[in-house]
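J.: My structure is in model-v9.pdb, and what it holds is PDB, C-alpha atoms and all ligand atoms:
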```
ATOM      1  CA  MET A 170      -6.210  14.700   3.673
ATOM      2  CA  SER A 171      -3.549  15.291   1.048
ATOM      3  CA  THR A 172      -3.718  12.370  -1.426
ATOM      4  CA  ILE A 173      -6.215  11.019  -3.966
ATOM      5  CA  PHE A 174      -7.075   8.222  -1.548
ATOM      6  CA  GLY A 175      -7.575  10.775   1.215
ATOM      7  CA  ARG A 176     -10.097  12.590  -0.931
ATOM      8  CA  ILE A 177     -11.848   9.296  -1.742
ATOM      9  CA  ILE A 178     -12.019   8.484   1.990
ATOM     10  CA  GLU A 179     -13.491  11.913   2.662
ATOM     11  CA  GLY A 180     -16.149  11.271  -0.013
ATOM     12  CA  LYS A 181     -14.862  14.089  -2.221
ATOM     13  CA  LEU A 182     -13.939  11.781  -5.118
ATOM     14  CA  PRO A 183     -15.969   8.802  -6.411
ATOM     15  CA  CYS A 184     -14.926   5.168  -6.095
ATOM     16  CA  LYS A 185     -16.317   1.654  -6.396
ATOM     17  CA  LYS A 186     -16.495   0.650  -2.754
ATOM     18  CA  VAL A 187     -16.375  -3.045  -1.864
ATOM     19  CA  PHE A 188     -15.945  -2.822   1.924
ATOM     20  CA  GLU A 189     -16.030  -0.113   4.567
ATOM     21  CA  ASN A 190     -16.008   0.149   8.326
ATOM     22  CA  GLU A 191     -14.866   2.879  10.739
ATOM     23  CA  ARG A 192     -11.179   2.221  10.113
ATOM     24  CA  ILE A 193     -10.816   0.484   6.728
ATOM     25  CA  LEU A 194     -11.931   1.200   3.150
ATOM     26  CA  ALA A 195     -11.634  -1.218   0.201
ATOM     27  CA  ILE A 196     -12.219  -0.039  -3.373
ATOM     28  CA  GLU A 197     -11.742  -1.325  -6.894
ATOM     29  CA  ASP A 198      -8.467  -0.206  -8.468
ATOM     30  CA  ILE A 199      -9.045   2.245 -11.321
ATOM     31  CA  HIS A 200      -6.338   0.531 -13.427
ATOM     32  CA  PRO A 201      -6.808  -3.161 -12.638
ATOM     33  CA  ALA A 202      -3.739  -5.359 -13.119
ATOM     34  CA  ALA A 203      -5.804  -8.552 -12.718
ATOM     35  CA  PRO A 204      -9.471  -9.576 -13.027
ATOM     36  CA  VAL A 205      -9.758  -8.905  -9.287
ATOM     37  CA  HIS A 206      -7.792  -5.856  -8.129
ATOM     38  CA  ILE A 207      -8.918  -4.293  -4.883
ATOM     39  CA  LEU A 208      -7.144  -1.619  -2.840
ATOM     40  CA  ILE A 209      -7.505  -2.004   0.926
ATOM     41  CA  MET A 210      -6.454   0.967   3.019
ATOM     42  CA  PRO A 211      -6.730   2.433   6.503
ATOM     43  CA  LYS A 212      -8.874   5.559   6.643
ATOM     44  CA  LYS A 213      -6.237   7.152   8.857
ATOM     45  CA  GLU A 214      -3.711   9.077   6.806
ATOM     46  CA  ILE A 215      -0.543   6.972   7.026
ATOM     47  CA  ARG A 216       2.066   7.459   4.313
ATOM     48  CA  ASP A 217       3.347   3.902   3.909
ATOM     49  CA  LEU A 218       4.124   0.644   5.677
ATOM     50  CA  GLN A 219       7.434   1.986   6.956
ATOM     51  CA  SER A 220       5.614   4.823   8.749
ATOM     52  CA  LEU A 221       3.216   2.473  10.524
ATOM     53  CA  LYS A 222       3.887   2.135  14.235
ATOM     54  CA  GLY A 223       2.576   1.674  17.741
ATOM     55  CA  ASP A 224      -1.157   1.894  18.149
ATOM     56  CA  ASP A 225      -1.720   1.708  14.393
ATOM     57  CA  LEU A 226      -0.097  -1.708  13.874
ATOM     58  CA  HIS A 227      -3.428  -3.448  14.513
ATOM     59  CA  LEU A 228      -4.617  -1.980  11.201
ATOM     60  CA  ILE A 229      -2.509  -4.574   9.366
ATOM     61  CA  GLY A 230      -4.430  -7.383  11.053
ATOM     62  CA  GLU A 231      -7.703  -5.730  10.122
ATOM     63  CA  ILE A 232      -6.583  -5.296   6.520
ATOM     64  CA  VAL A 233      -5.605  -8.986   6.349
ATOM     65  CA  ALA A 234      -9.014  -9.973   7.747
ATOM     66  CA  VAL A 235     -10.769  -7.797   5.136
ATOM     67  CA  ALA A 236      -8.609  -9.348   2.388
ATOM     68  CA  GLN A 237      -9.520 -12.875   3.546
ATOM     69  CA  LYS A 238     -13.217 -12.011   3.557
ATOM     70  CA  LEU A 239     -13.118 -10.333   0.142
ATOM     71  CA  ALA A 240     -11.088 -13.243  -1.308
ATOM     72  CA  VAL A 241     -13.921 -15.623  -0.392
ATOM     73  CA  GLN A 242     -16.621 -13.216  -1.618
ATOM     74  CA  LEU A 243     -14.819 -12.760  -4.936
ATOM     75  CA  GLY A 244     -13.962 -16.454  -5.365
ATOM     76  CA  ILE A 245     -10.171 -16.089  -5.357
ATOM     77  CA  GLU A 246      -9.373 -17.638  -1.964
ATOM     78  CA  ASP A 247      -7.268 -20.406  -3.553
ATOM     79  CA  GLY A 248      -4.929 -18.020  -5.343
ATOM     80  CA  TYR A 249      -4.402 -14.389  -4.571
ATOM     81  CA  ARG A 250      -1.658 -11.911  -3.787
ATOM     82  CA  LEU A 251      -1.798  -9.240  -1.069
ATOM     83  CA  LEU A 252       0.973  -6.675  -1.344
ATOM     84  CA  THR A 253       1.966  -3.144  -0.582
ATOM     85  CA  ASN A 254       4.530  -1.010  -2.358
ATOM     86  CA  ASN A 255       6.571   0.852   0.249
ATOM     87  CA  GLY A 256       7.873   4.137  -1.133
ATOM     88  CA  PRO A 257       8.396   5.447  -4.662
ATOM     89  CA  GLY A 258      11.416   3.161  -5.080
ATOM     90  CA  ALA A 259       9.045   0.188  -4.883
ATOM     91  CA  GLY A 260       6.492   1.793  -7.187
ATOM     92  CA  GLN A 261       4.240   3.460  -4.609
ATOM     93  CA  SER A 262       2.507   6.223  -6.541
ATOM     94  CA  VAL A 263      -0.138   7.216  -3.984
ATOM     95  CA  LEU A 264       1.429   8.112  -0.640
ATOM     96  CA  HIS A 265      -1.403   6.772   1.515
ATOM     97  CA  LEU A 266      -0.821   3.227   2.827
ATOM     98  CA  HIS A 267      -2.764   0.649   0.799
ATOM     99  CA  PHE A 268      -2.614  -3.041   0.010
ATOM    100  CA  HIS A 269      -3.350  -4.505  -3.409
ATOM    101  CA  LEU A 270      -5.528  -7.639  -3.395
ATOM    102  CA  LEU A 271      -4.920  -9.297  -6.757
ATOM    103  CA  GLY A 272      -6.448 -12.472  -8.153
ATOM    104  CA  GLY A 273      -8.439 -14.128 -10.872
ATOM    105  CA  ARG A 274      -5.462 -15.031 -13.038
ATOM    106  CA  SER A 275      -2.199 -16.915 -12.721
ATOM    107  CA  MET A 276       0.235 -14.694 -10.830
ATOM    108  CA  GLY A 277       3.633 -16.230 -11.579
ATOM    109  CA  ASN A 278       6.774 -15.231  -9.715
ATOM    110  CA  LEU A 279       7.423 -11.783  -8.350
ATOM    111  CA  GLY A 280       9.664  -9.846 -10.703
TER     112      GLY A 280
HETATM  113  P1  LIG B 301       0.682   2.124  -5.900
HETATM  114  O1  LIG B 301       1.393   2.261  -7.224
HETATM  115  O2  LIG B 301       1.118   0.908  -5.122
HETATM  116  O3  LIG B 301       0.728   3.404  -5.089
HETATM  117  O4  LIG B 301      -0.833   1.865  -6.257
HETATM  118  C1  LIG B 301      -1.726   2.893  -6.538
HETATM  119  C2  LIG B 301      -2.898   2.282  -7.249
HETATM  120  O5  LIG B 301      -3.974   3.189  -7.144
HETATM  121  C3  LIG B 301      -2.697   2.002  -8.737
HETATM  122  O6  LIG B 301      -2.904   0.616  -8.981
HETATM  123  C4  LIG B 301      -3.774   2.822  -9.433
HETATM  124  C5  LIG B 301      -4.726   3.169  -8.322
HETATM  125  N1  LIG B 301      -5.366   4.468  -8.403
HETATM  126  C6  LIG B 301      -4.767   5.660  -8.645
HETATM  127  N2  LIG B 301      -5.666   6.657  -8.616
HETATM  128  C7  LIG B 301      -6.856   6.081  -8.334
HETATM  129  C8  LIG B 301      -8.177   6.601  -8.152
HETATM  130  O7  LIG B 301      -8.433   7.799  -8.246
HETATM  131  N3  LIG B 301      -9.155   5.694  -7.863
HETATM  132  C9  LIG B 301      -8.887   4.351  -7.759
HETATM  133  N4  LIG B 301      -9.939   3.547  -7.471
HETATM  134  N5  LIG B 301      -7.669   3.832  -7.908
HETATM  135  C10 LIG B 301      -6.652   4.683  -8.207
END
```
Write out the structure in this file as structure tokens.

T.:
Amino acid sequence: MSTIFGRIIEGKLPCKKVFENERILAIEDIHPAAPVHILIMPKKEIRDLQSLKGDDLHLIGEIVAVAQKLAVQLGIEDGYRLLTNNGPGAGQSVLHLHFHLLGGRSMGNLG
């Protein structure tokens, strides 16, 4: 796989893993923007949300379910944000679909 996250998924780069199954990996973000900052991604190499289609759409439901479970485990279920940056114009720096699970502080409005 061609990105940093691809190499993490392949086990070629280290990470702090918080959840894994056959299709989904969740890791701690290396540059946390909040006390809780988890990246949840499909293992399948998909560039971004806009590229997601057909048989892969179920991955979004699985990612949401993982986020809900981790939110409870990490004690942020009453206030968290789950977001993806689609494309460099939105700030996507790693071109492998991933969702940020952010919590543990007041989030305020989206800028
Ligand atoms: P985005 O800008 O939406 O593509 O988010 C990419 C995030 O990935 C950013 O918050 C920093 C994080 N990140 C970049 N490289 C690594 C890495 O090697 N390991 C981990 N755990 N996170 C990384």

J.: Which residues would end up in the selection if the PyMOL selection byres (((chain A and resi 251) around 7) and not hetatm) were applied here, given that I need the answer as a list in words?

T.: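 Going through the file, the PyMOL selection byres (((chain A and resi 251) around 7) and not hetatm) ends up selecting Tyr249, Arg250, Leu252, Phe268, His269, Leu270 and Leu271 of chain A.
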
J.: Save out the residues we just selected, C-alpha atoms, as an mmCIF file, keeping the file's coordinate frame.

T.:
```
data_model
loop_
_atom_site.group_PDB
_atom_site.id
_atom_site.type_symbol
_atom_site.label_atom_id
_atom_site.label_comp_id
_atom_site.auth_asym_id
_atom_site.auth_seq_id
_atom_site.Cartn_x
_atom_site.Cartn_y
_atom_site.Cartn_z
ATOM 1 C CA TYR A 249 -4.402 -14.389 -4.571
ATOM 2 C CA ARG A 250 -1.658 -11.911 -3.787
ATOM 3 C CA LEU A 252 0.973 -6.675 -1.344
ATOM 4 C CA PHE A 268 -2.614 -3.041 0.010
ATOM 5 C CA HIS A 269 -3.350 -4.505 -3.409
ATOM 6 C CA LEU A 270 -5.528 -7.639 -3.395
ATOM 7 C CA LEU A 271 -4.920 -9.297 -6.757
#
```

J.: Go through A:Ile215, A:Leu279, A:Leu226, A:Leu239 one by one, measure the shortest atom-to-atom distance of each to Glu197 (chain A) using all atoms listed in the file, and give the residue with the smallest value.

T.: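 That would be A:Leu239, the residue with the smallest distance to Glu197 (chain A).
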
J.: Give, as lines of an AutoDock Vina configuration file, the centre coordinates and the x, y and z edge lengths in Å to one decimal for an axis-aligned box around all listed atoms of ligand LIG 301 (chain B), padded by 4 Å on each side.

T.:
```
center_x = -4.3
center_y = 4.2
center_z = -7.3
size_x = 19.3
size_y = 15.2
size_z = 12.3
```

J.: Taking only C-alpha atoms and all ligand atoms into account, which residues have an atom no farther than 6 Å from ligand LIG 301 (chain B)? I'd like them as a VMD selection string.

T.: chain A and resid 173 184 196 to 200 254 260 to 263

J.: Which residue out of A:Arg274, A:Lys238, A:His267, A:Lys185 has the minimum interatomic distance to Lys212 (chain A) when all atoms listed in the file are used?

T.: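 Closest to Lys212 (chain A), using all atoms listed in the file: A:His267.
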
J.: If I only want region 247-258 of chain A, can you write it with all heavy atoms, as a PDB file, in the first residue's frame?

T.:
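Dumped to selection-v1.pdb:
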```
ATOM      1  N   ASP A 247     -20.466  11.430  25.812  1.00  0.00           N
ATOM      2  CA  ASP A 247     -21.375  12.570  25.901  1.00  0.00           C
ATOM      3  C   ASP A 247     -20.890  13.781  25.103  1.00  0.00           C
ATOM      4  O   ASP A 247     -21.585  14.804  25.054  1.00  0.00           O
ATOM      5  CB  ASP A 247     -21.580  12.974  27.372  1.00  0.00           C
ATOM      6  CG  ASP A 247     -22.406  11.932  28.114  1.00  0.00           C
ATOM      7  OD1 ASP A 247     -23.205  11.234  27.461  1.00  0.00           O
ATOM      8  OD2 ASP A 247     -22.226  11.808  29.332  1.00  0.00           O
ATOM      9  N   GLY A 248     -19.712  13.685  24.510  1.00  0.00           N
ATOM     10  CA  GLY A 248     -19.233  14.832  23.741  1.00  0.00           C
ATOM     11  C   GLY A 248     -18.032  14.478  22.902  1.00  0.00           C
ATOM     12  O   GLY A 248     -16.899  14.509  23.388  1.00  0.00           O
ATOM     13  N   TYR A 249     -18.287  14.102  21.680  1.00  0.00           N
ATOM     14  CA  TYR A 249     -17.162  13.814  20.787  1.00  0.00           C
ATOM     15  C   TYR A 249     -17.486  14.246  19.373  1.00  0.00           C
ATOM     16  O   TYR A 249     -18.640  14.535  19.032  1.00  0.00           O
ATOM     17  CB  TYR A 249     -16.758  12.329  20.827  1.00  0.00           C
ATOM     18  CG  TYR A 249     -17.765  11.337  20.283  1.00  0.00           C
ATOM     19  CD1 TYR A 249     -17.863  11.075  18.922  1.00  0.00           C
ATOM     20  CD2 TYR A 249     -18.605  10.641  21.147  1.00  0.00           C
ATOM     21  CE1 TYR A 249     -18.778  10.155  18.435  1.00  0.00           C
ATOM     22  CE2 TYR A 249     -19.522   9.712  20.672  1.00  0.00           C
ATOM     23  CZ  TYR A 249     -19.605   9.470  19.314  1.00  0.00           C
ATOM     24  OH  TYR A 249     -20.513   8.565  18.843  1.00  0.00           O
ATOM     25  N   ARG A 250     -16.449  14.300  18.556  1.00  0.00           N
ATOM     26  CA  ARG A 250     -16.617  14.648  17.141  1.00  0.00           C
ATOM     27  C   ARG A 250     -16.019  13.520  16.321  1.00  0.00           C
ATOM     28  O   ARG A 250     -14.928  13.022  16.649  1.00  0.00           O
ATOM     29  CB  ARG A 250     -15.895  15.968  16.888  1.00  0.00           C
ATOM     30  CG  ARG A 250     -16.120  16.541  15.527  1.00  0.00           C
ATOM     31  CD  ARG A 250     -15.630  17.989  15.463  1.00  0.00           C
ATOM     32  NE  ARG A 250     -16.560  18.902  16.118  1.00  0.00           N
ATOM     33  CZ  ARG A 250     -16.249  20.137  16.513  1.00  0.00           C
ATOM     34  NH1 ARG A 250     -15.045  20.624  16.309  1.00  0.00           N
ATOM     35  NH2 ARG A 250     -17.153  20.905  17.093  1.00  0.00           N
ATOM     36  N   LEU A 251     -16.724  13.130  15.257  1.00  0.00           N
ATOM     37  CA  LEU A 251     -16.226  12.110  14.323  1.00  0.00           C
ATOM     38  C   LEU A 251     -16.221  12.758  12.950  1.00  0.00           C
ATOM     39  O   LEU A 251     -17.281  13.148  12.449  1.00  0.00           O
ATOM     40  CB  LEU A 251     -17.143  10.884  14.339  1.00  0.00           C
ATOM     41  CG  LEU A 251     -16.719   9.720  13.440  1.00  0.00           C
ATOM     42  CD1 LEU A 251     -15.404   9.098  13.908  1.00  0.00           C
ATOM     43  CD2 LEU A 251     -17.813   8.648  13.416  1.00  0.00           C
ATOM     44  N   LEU A 252     -15.039  12.898  12.358  1.00  0.00           N
ATOM     45  CA  LEU A 252     -14.990  13.639  11.088  1.00  0.00           C
ATOM     46  C   LEU A 252     -13.927  13.064  10.160  1.00  0.00           C
ATOM     47  O   LEU A 252     -12.977  12.412  10.589  1.00  0.00           O
ATOM     48  CB  LEU A 252     -14.712  15.129  11.344  1.00  0.00           C
ATOM     49  CG  LEU A 252     -13.386  15.520  11.987  1.00  0.00           C
ATOM     50  CD1 LEU A 252     -12.314  15.751  10.931  1.00  0.00           C
ATOM     51  CD2 LEU A 252     -13.544  16.761  12.837  1.00  0.00           C
ATOM     52  N   THR A 253     -14.146  13.327   8.890  1.00  0.00           N
ATOM     53  CA  THR A 253     -13.127  12.983   7.904  1.00  0.00           C
ATOM     54  C   THR A 253     -12.860  14.209   7.038  1.00  0.00           C
ATOM     55  O   THR A 253     -13.779  14.977   6.738  1.00  0.00           O
ATOM     56  CB  THR A 253     -13.551  11.786   7.040  1.00  0.00           C
ATOM     57  OG1 THR A 253     -12.450  11.388   6.216  1.00  0.00           O
ATOM     58  CG2 THR A 253     -14.742  12.088   6.130  1.00  0.00           C
ATOM     59  N   ASN A 254     -11.613  14.412   6.694  1.00  0.00           N
ATOM     60  CA  ASN A 254     -11.246  15.458   5.754  1.00  0.00           C
ATOM     61  C   ASN A 254     -11.198  14.818   4.372  1.00  0.00           C
ATOM     62  O   ASN A 254     -10.444  13.859   4.163  1.00  0.00           O
ATOM     63  CB  ASN A 254      -9.876  16.042   6.116  1.00  0.00           C
ATOM     64  CG  ASN A 254      -9.891  16.758   7.455  1.00  0.00           C
ATOM     65  OD1 ASN A 254     -10.842  17.483   7.758  1.00  0.00           O
ATOM     66  ND2 ASN A 254      -8.869  16.550   8.268  1.00  0.00           N
ATOM     67  N   ASN A 255     -12.012  15.317   3.456  1.00  0.00           N
ATOM     68  CA  ASN A 255     -12.043  14.744   2.110  1.00  0.00           C
ATOM     69  C   ASN A 255     -11.209  15.588   1.159  1.00  0.00           C
ATOM     70  O   ASN A 255     -11.648  16.662   0.736  1.00  0.00           O
ATOM     71  CB  ASN A 255     -13.482  14.637   1.594  1.00  0.00           C
ATOM     72  CG  ASN A 255     -13.504  13.904   0.258  1.00  0.00           C
ATOM     73  OD1 ASN A 255     -13.535  12.688   0.219  1.00  0.00           O
ATOM     74  ND2 ASN A 255     -13.432  14.633  -0.851  1.00  0.00           N
ATOM     75  N   GLY A 256     -10.016  15.105   0.847  1.00  0.00           N
ATOM     76  CA  GLY A 256      -9.167  15.779  -0.140  1.00  0.00           C
ATOM     77  C   GLY A 256      -8.283  16.847   0.487  1.00  0.00           C
ATOM     78  O   GLY A 256      -8.585  17.379   1.558  1.00  0.00           O
ATOM     79  N   PRO A 257      -7.177  17.145  -0.188  1.00  0.00           N
ATOM     80  CA  PRO A 257      -6.234  18.151   0.316  1.00  0.00           C
ATOM     81  C   PRO A 257      -6.895  19.503   0.581  1.00  0.00           C
ATOM     82  O   PRO A 257      -6.512  20.205   1.524  1.00  0.00           O
ATOM     83  CB  PRO A 257      -5.194  18.241  -0.808  1.00  0.00           C
ATOM     84  CG  PRO A 257      -5.250  16.898  -1.480  1.00  0.00           C
ATOM     85  CD  PRO A 257      -6.693  16.473  -1.411  1.00  0.00           C
ATOM     86  N   GLY A 258      -7.891  19.855  -0.182  1.00  0.00           N
ATOM     87  CA  GLY A 258      -8.583  21.137   0.020  1.00  0.00           C
ATOM     88  C   GLY A 258      -9.264  21.230   1.371  1.00  0.00           C
ATOM     89  O   GLY A 258      -9.510  22.323   1.880  1.00  0.00           O
TER      90      GLY A 258
END
```
